[in-house]
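Chemist: Handing you a structure now.
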Amino acid sequence: MIRLLLLLLGSELIQRRWAILTGLSLLWGAIGVAILIDALDGDTVIQPHYFGYLLLLEGLVALAAAVAAVSRRGYRFTRAAVLIVPSVLIIIQPPHGNLIIAILLGLVLLMDGGFRIASAYVVRFGGWRWSLGAGIVELLFAIATLQPWPTGYEGTIGANVGALLIVGGLATLRLALRLRGMPPGAPISVLLGGTLPAAAWLRRMADDDDSAGDLIVHVWTPTGSAGTVARRPLVDRYVAAVDPQGVISTGHAAMELKPDLYISHYPAVEIDRSPDDFSRTLRATQDNDVPGRFQPSYAEEAAGWCEATEHVRFSRFDAERLRAFWQAYREDKTYNLTNRNCSSVVAHALDAALEGTLGRTGKPWRSGLQAMLSPELWAAGVLRRRAETMAWTPGLVLDYARLLQIVVEPGLPALGWLRLKAASSAAAGKAER
């Protein structure tokens, strides 16, 4: 989440403040260490219900936003429930409440660690060995949470919160040190995507731009492009669907900026996606690289296949950085189903286009604080981490784009409590007038 927030603030605002970011990361990690030690010694100074109140506040804001929402209300109510139910358990401390929370946290860690290990072993993306090791550590932490060890169940919440802060502090420290070593003016999106060297961007920054209209992310979901036989909600949504002939469809993603920029990466020769061979093609290794091609326009692509299932529009973006990214990316047409595909290029292009969006609002630090308190930004960070340990898919890109759209577009409803308060104040002011 921190990396994504820094991206939206922009390198012009952040890079020269790397020392402040370093100090904050050390402070963040130190607070985590203090909370962890406090939870382990059996005599907690920081009571668990303090964390419950913070979680409950965000849950109530999410609930209020769900009530006021006109679309995707089921999703919003579910998210509110996920926040409110554990927060109430933490606050009221019912009999065996600590045991219930420990079981829930332990199971989540077990599932996340198992998924991380499985995806690292199967996909073999860049840095998969580090991810494999992180998954093993997560499994060990899950076992310690379920045992519990070395403290009782009453220390479960504090131990997990402390560990989370420590990991976040270390990640932010690493990012701050990388910012220090980057050339002046280099985009932060290079640190997130890692697909292009910073120098490639700096040489290609355009002098002017003739873009007109919105930036549009087009997504063909697997179910929308295949017409499945059997419904498998999560698999169909985020991985692949099977058409009536038994052929696997992974969907497609593209990006359009009129009048002349269209980002759509596709294999030059159709990849064999039969169930018998599909597991082999999932590996992000060089032996699965194939020649690729770039589609000329959305009109031609839709005419040759079908209309996109979903469209996500952005009115606030940096067309100059987007063109620089695309000019550098398209020099290499290599396509890899997992590592360099239609979805990954759209995700990285979106990062390039949205970099510095909050930094150009006139009140960047206020915008940054509001974004940090927005559940959408946290959810987008989770999606990005999941995609980095597995693969970008059209379903992940669609949700990622929708979440960032809420964060950066001023006219859309956001769930952070500061924005909700601001909207309520504005509505009250209009009523008085």
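Scheme for the structure tokens: letters A, B, ... for chains in order shown; per-chain residue numbers from 1; ligand numbers from 1 in order shown.
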As a PyMOL selection string, please: the residues near range 81-95 of chain A (cut-off 8 Å, only C-alpha atoms, same-chain neighbours under 6 positions excluded).
Modeler: chain A and resi 48-53+55-56+58-60+63+101
Chemist: Report as a list in words all protein, DNA and RNA residues lying within 10 Å of Gly135 in chain A, evaluated on only C-alpha atoms, omitting residues in the same chain fewer than 4 positions from it.
Modeler: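 Within the cut-off, the hits are Leu109, Leu110, Met111, Asp112, Gly113, Gly114, Phe115, Arg116, Ile117, Ala118, Ser119, Ala120, Arg129, Trp130, Ser131, Leu139, Leu140 and Phe141 of chain A.
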Chemist: Mind dumping the selected residues with N, CA and C atoms as an mmCIF file, in the first residue's frame?
Modeler:
data_model
loop_
_atom_site.group_PDB
_atom_site.id
_atom_site.type_symbol
_atom_site.label_atom_id
_atom_site.label_comp_id
_atom_site.auth_asym_id
_atom_site.auth_seq_id
_atom_site.Cartn_x
_atom_site.Cartn_y
_atom_site.Cartn_z
ATOM 1 N N LEU A 109 -3.597 -16.735 7.522
ATOM 2 C CA LEU A 109 -2.155 -16.838 7.268
ATOM 3 C C LEU A 109 -1.803 -18.154 6.588
ATOM 4 N N LEU A 110 -2.447 -19.233 7.005
ATOM 5 C CA LEU A 110 -2.195 -20.526 6.372
ATOM 6 C C LEU A 110 -2.569 -20.512 4.894
ATOM 7 N N MET A 111 -3.753 -19.959 4.587
ATOM 8 C CA MET A 111 -4.203 -19.912 3.197
ATOM 9 C C MET A 111 -3.311 -18.994 2.360
ATOM 10 N N ASP A 112 -2.982 -17.823 2.918
ATOM 11 C CA ASP A 112 -2.153 -16.879 2.160
ATOM 12 C C ASP A 112 -0.751 -17.428 1.951
ATOM 13 N N GLY A 113 -0.169 -18.018 2.996
ATOM 14 C CA GLY A 113 1.164 -18.590 2.854
ATOM 15 C C GLY A 113 1.179 -19.775 1.910
ATOM 16 N N GLY A 114 0.149 -20.627 2.003
ATOM 17 C CA GLY A 114 0.076 -21.759 1.078
ATOM 18 C C GLY A 114 -0.086 -21.320 -0.355
ATOM 19 N N PHE A 115 -0.917 -20.302 -0.574
ATOM 20 C CA PHE A 115 -1.100 -19.791 -1.930
ATOM 21 C C PHE A 115 0.187 -19.173 -2.453
ATOM 22 N N ARG A 116 0.906 -18.451 -1.588
ATOM 23 C CA ARG A 116 2.166 -17.834 -2.002
ATOM 24 C C ARG A 116 3.183 -18.895 -2.414
ATOM 25 N N ILE A 117 3.281 -19.968 -1.637
ATOM 26 C CA ILE A 117 4.229 -21.034 -1.949
ATOM 27 C C ILE A 117 3.838 -21.731 -3.249
ATOM 28 N N ALA A 118 2.550 -22.045 -3.390
ATOM 29 C CA ALA A 118 2.090 -22.744 -4.590
ATOM 30 C C ALA A 118 2.303 -21.911 -5.844
ATOM 31 N N SER A 119 1.944 -20.619 -5.786
ATOM 32 C CA SER A 119 2.089 -19.775 -6.973
ATOM 33 C C SER A 119 3.550 -19.561 -7.325
ATOM 34 N N ALA A 120 4.425 -19.430 -6.296
ATOM 35 C CA ALA A 120 5.853 -19.255 -6.571
ATOM 36 C C ALA A 120 6.432 -20.500 -7.236
ATOM 37 N N ARG A 129 11.956 -17.345 -5.619
ATOM 38 C CA ARG A 129 12.577 -18.004 -4.459
ATOM 39 C C ARG A 129 12.366 -17.182 -3.187
ATOM 40 N N TRP A 130 12.462 -15.835 -3.314
ATOM 41 C CA TRP A 130 12.200 -14.978 -2.157
ATOM 42 C C TRP A 130 10.748 -15.122 -1.716
ATOM 43 N N SER A 131 9.850 -15.173 -2.679
ATOM 44 C CA SER A 131 8.434 -15.331 -2.349
ATOM 45 C C SER A 131 8.164 -16.690 -1.703
ATOM 46 N N LEU A 139 3.737 -19.398 6.913
ATOM 47 C CA LEU A 139 3.168 -20.633 7.463
ATOM 48 C C LEU A 139 3.634 -20.862 8.899
ATOM 49 N N LEU A 140 4.903 -20.584 9.165
ATOM 50 C CA LEU A 140 5.418 -20.734 10.526
ATOM 51 C C LEU A 140 4.719 -19.770 11.483
ATOM 52 N N PHE A 141 4.470 -18.543 11.010
ATOM 53 C CA PHE A 141 3.783 -17.568 11.836
ATOM 54 C C PHE A 141 2.327 -18.000 12.070
#
Chemist: Do you know which residues are at most 10 Å from Asp351 in chain A counting only C-alpha atoms, after dropping those on the same chain fewer than 6 positions away, and could you put them as a list in words?
Modeler: Leu4, Leu7, Leu8, Pro187, Ile188, Ser189, Val190, Leu192, Gly193, Phe317, Asp318, Arg321, Leu322, Phe325, Val345, Ala401 and Leu404 of chain A
Chemist: Ranking A:Ala308, A:Cys342, A:Leu24, A:Ala268 by minimum distance to Arg293 in chain A and counting only C-alpha atoms, which one comes first?
Modeler: A:Ala268
Chemist: List as a list in words the protein and nucleic acid residues near Ala254 in chain A, meaning an atom at most 10 Å away when only C-alpha atoms are counted, but skip any in the same chain fewer than 2 places from it.
Modeler: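 Those residues are Ile216, Val217, His218, Val219, Trp220, His252, Glu256, Tyr262, Ile263, Ser264, His265, Tyr266, Gln295, Ser297, Tyr298, Glu301, Ala308, His311, Cys342, Ser343, Ser344, Val345, Val346, Ala347, Ala349, Pro394 and Val397 of chain A.
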Chemist: Could you save the residues just selected, with N, CA and C atoms, as a PDB file, in the first residue's frame?
Modeler:
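That gives us result_6.pdb:
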ATOM      1  N   ILE A 216      -8.983   5.032 -21.085  1.00  0.00           N
ATOM      2  CA  ILE A 216      -9.946   3.949 -20.901  1.00  0.00           C
ATOM      3  C   ILE A 216      -9.221   2.617 -20.797  1.00  0.00           C
ATOM      4  N   VAL A 217      -9.531   1.878 -19.747  1.00  0.00           N
ATOM      5  CA  VAL A 217      -9.057   0.503 -19.598  1.00  0.00           C
ATOM      6  C   VAL A 217     -10.176  -0.420 -20.069  1.00  0.00           C
ATOM      7  N   HIS A 218      -9.915  -1.195 -21.121  1.00  0.00           N
ATOM      8  CA  HIS A 218     -10.886  -2.157 -21.653  1.00  0.00           C
ATOM      9  C   HIS A 218     -10.536  -3.548 -21.134  1.00  0.00           C
ATOM     10  N   VAL A 219     -11.529  -4.266 -20.644  1.00  0.00           N
ATOM     11  CA  VAL A 219     -11.298  -5.621 -20.129  1.00  0.00           C
ATOM     12  C   VAL A 219     -12.328  -6.573 -20.715  1.00  0.00           C
ATOM     13  N   TRP A 220     -11.832  -7.648 -21.311  1.00  0.00           N
ATOM     14  CA  TRP A 220     -12.652  -8.779 -21.725  1.00  0.00           C
ATOM     15  C   TRP A 220     -12.506  -9.832 -20.634  1.00  0.00           C
ATOM     16  N   HIS A 252      -8.881 -10.841 -21.735  1.00  0.00           N
ATOM     17  CA  HIS A 252      -7.924  -9.915 -22.354  1.00  0.00           C
ATOM     18  C   HIS A 252      -8.090  -8.545 -21.704  1.00  0.00           C
ATOM     19  N   GLU A 256      -6.671   2.442 -23.886  1.00  0.00           N
ATOM     20  CA  GLU A 256      -6.844   3.344 -25.027  1.00  0.00           C
ATOM     21  C   GLU A 256      -6.761   4.795 -24.577  1.00  0.00           C
ATOM     22  N   TYR A 262      -2.911   3.058 -28.334  1.00  0.00           N
ATOM     23  CA  TYR A 262      -3.666   1.863 -27.981  1.00  0.00           C
ATOM     24  C   TYR A 262      -2.689   0.799 -27.517  1.00  0.00           C
ATOM     25  N   ILE A 263      -2.854   0.351 -26.290  1.00  0.00           N
ATOM     26  CA  ILE A 263      -1.957  -0.627 -25.680  1.00  0.00           C
ATOM     27  C   ILE A 263      -2.674  -1.959 -25.599  1.00  0.00           C
ATOM     28  N   SER A 264      -2.231  -2.909 -26.412  1.00  0.00           N
ATOM     29  CA  SER A 264      -2.826  -4.242 -26.417  1.00  0.00           C
ATOM     30  C   SER A 264      -1.765  -5.224 -26.898  1.00  0.00           C
ATOM     31  N   HIS A 265      -1.284  -6.033 -25.979  1.00  0.00           N
ATOM     32  CA  HIS A 265      -0.219  -6.997 -26.281  1.00  0.00           C
ATOM     33  C   HIS A 265      -0.839  -8.385 -26.413  1.00  0.00           C
ATOM     34  N   TYR A 266      -0.520  -9.043 -27.521  1.00  0.00           N
ATOM     35  CA  TYR A 266      -1.149 -10.330 -27.814  1.00  0.00           C
ATOM     36  C   TYR A 266      -0.119 -11.240 -28.460  1.00  0.00           C
ATOM     37  N   GLN A 295      -1.900  -4.883 -31.046  1.00  0.00           N
ATOM     38  CA  GLN A 295      -3.114  -4.593 -31.801  1.00  0.00           C
ATOM     39  C   GLN A 295      -3.165  -3.101 -32.154  1.00  0.00           C
ATOM     40  N   SER A 297      -5.812  -0.898 -32.804  1.00  0.00           N
ATOM     41  CA  SER A 297      -6.830  -0.023 -32.218  1.00  0.00           C
ATOM     42  C   SER A 297      -7.923  -0.864 -31.575  1.00  0.00           C
ATOM     43  N   TYR A 298      -8.701  -0.221 -30.699  1.00  0.00           N
ATOM     44  CA  TYR A 298      -9.806  -0.941 -30.059  1.00  0.00           C
ATOM     45  C   TYR A 298     -10.869  -1.326 -31.082  1.00  0.00           C
ATOM     46  N   GLU A 301      -9.747  -4.420 -32.909  1.00  0.00           N
ATOM     47  CA  GLU A 301      -9.701  -5.598 -32.036  1.00  0.00           C
ATOM     48  C   GLU A 301     -11.104  -6.078 -31.689  1.00  0.00           C
ATOM     49  N   ALA A 308     -15.502  -5.363 -25.561  1.00  0.00           N
ATOM     50  CA  ALA A 308     -14.996  -5.591 -24.214  1.00  0.00           C
ATOM     51  C   ALA A 308     -16.153  -5.679 -23.225  1.00  0.00           C
ATOM     52  N   HIS A 311     -15.413  -1.398 -19.023  1.00  0.00           N
ATOM     53  CA  HIS A 311     -14.620  -0.228 -19.388  1.00  0.00           C
ATOM     54  C   HIS A 311     -14.455   0.641 -18.143  1.00  0.00           C
ATOM     55  N   CYS A 342      -0.937  -9.345 -21.750  1.00  0.00           N
ATOM     56  CA  CYS A 342      -1.817  -8.202 -21.993  1.00  0.00           C
ATOM     57  C   CYS A 342      -2.185  -7.487 -20.701  1.00  0.00           C
ATOM     58  N   SER A 343      -2.364  -8.242 -19.628  1.00  0.00           N
ATOM     59  CA  SER A 343      -2.788  -7.650 -18.370  1.00  0.00           C
ATOM     60  C   SER A 343      -1.647  -6.932 -17.659  1.00  0.00           C
ATOM     61  N   SER A 344      -0.457  -7.519 -17.685  1.00  0.00           N
ATOM     62  CA  SER A 344       0.676  -6.893 -16.997  1.00  0.00           C
ATOM     63  C   SER A 344       1.039  -5.560 -17.629  1.00  0.00           C
ATOM     64  N   VAL A 345       1.003  -5.478 -18.962  1.00  0.00           N
ATOM     65  CA  VAL A 345       1.357  -4.212 -19.603  1.00  0.00           C
ATOM     66  C   VAL A 345       0.321  -3.141 -19.287  1.00  0.00           C
ATOM     67  N   VAL A 346      -0.967  -3.512 -19.198  1.00  0.00           N
ATOM     68  CA  VAL A 346      -1.992  -2.532 -18.852  1.00  0.00           C
ATOM     69  C   VAL A 346      -1.818  -2.067 -17.410  1.00  0.00           C
ATOM     70  N   ALA A 347      -1.505  -2.993 -16.498  1.00  0.00           N
ATOM     71  CA  ALA A 347      -1.295  -2.617 -15.095  1.00  0.00           C
ATOM     72  C   ALA A 347      -0.123  -1.662 -14.961  1.00  0.00           C
ATOM     73  N   ALA A 349       1.190   0.211 -17.364  1.00  0.00           N
ATOM     74  CA  ALA A 349       0.855   1.456 -18.058  1.00  0.00           C
ATOM     75  C   ALA A 349      -0.045   2.326 -17.184  1.00  0.00           C
ATOM     76  N   PRO A 394      -6.812 -10.454 -16.487  1.00  0.00           N
ATOM     77  CA  PRO A 394      -7.811  -9.423 -16.770  1.00  0.00           C
ATOM     78  C   PRO A 394      -8.714  -9.116 -15.573  1.00  0.00           C
ATOM     79  N   VAL A 397      -6.733  -6.929 -13.166  1.00  0.00           N
ATOM     80  CA  VAL A 397      -6.575  -5.593 -13.740  1.00  0.00           C
ATOM     81  C   VAL A 397      -7.876  -4.804 -13.619  1.00  0.00           C
TER      82      VAL A 397
END
Chemist: Quick one: DSSP alpha helix (DSSP H) residues in range 244-414 of chain A, as a ChimeraX atom specification?
Modeler: /A:275-281,298-304,319-329,342-354,364-372,375-389,394-408
Chemist: Tell me, as a PyMOL selection string, which residues lie within 6 Å of range 32-42 of chain A, counting only C-alpha atoms; anything in the same chain fewer than 3 positions away does not count.
Modeler: chain A and resi 29+151+155+158-159+162+165-166
Chemist: With N, CA and C atoms kept, could you save the residues just selected as a CSV table (one decimal), in the first residue's frame?
Modeler:
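This went into result-v2.csv:
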chain,number,residue,atom,x,y,z
A,29,GLY,N,8.7,0.7,12.0
A,29,GLY,CA,9.2,-0.6,12.4
A,29,GLY,C,9.4,-0.7,13.9
A,151,THR,N,3.2,-16.9,23.4
A,151,THR,CA,2.3,-16.3,24.4
A,151,THR,C,1.0,-17.0,24.3
A,155,GLY,N,-2.4,-12.6,23.4
A,155,GLY,CA,-1.4,-11.8,22.7
A,155,GLY,C,-1.5,-11.9,21.2
A,158,GLY,N,-2.0,-8.4,19.2
A,158,GLY,CA,-0.9,-7.5,19.3
A,158,GLY,C,0.3,-8.1,18.5
A,159,ALA,N,0.5,-9.4,18.6
A,159,ALA,CA,1.6,-10.0,17.9
A,159,ALA,C,1.5,-9.9,16.4
A,162,GLY,N,1.9,-6.1,15.4
A,162,GLY,CA,3.3,-5.8,15.5
A,162,GLY,C,4.1,-6.3,14.4
A,165,LEU,N,3.4,-4.3,11.2
A,165,LEU,CA,4.1,-3.1,11.2
A,165,LEU,C,5.6,-3.2,10.9
A,166,ILE,N,6.2,-4.2,11.4
A,166,ILE,CA,7.6,-4.5,11.2
A,166,ILE,C,7.9,-4.8,9.7
Chemist: From the set A:Tyr153, A:Trp305, A:Trp18, A:Trp365, which residue has the shortest atom-to-atom contact distance to Thr172 in chain A, counting only C-alpha atoms?
Modeler: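 Closest residue, counting only C-alpha atoms: A:Trp18.
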Chemist: What lies within 8 Å of Asn336 in chain A using only C-alpha atoms, ignoring chain neighbours under 2 positions off, as number ranges by chain?
Modeler: A: 284, 288-290, 334, 338-341
Chemist: Between CA of Ala163 in chain A and CA of Leu107 in chain A, what distance in Å does the model show, to one decimal?
Modeler: 16.5 Å
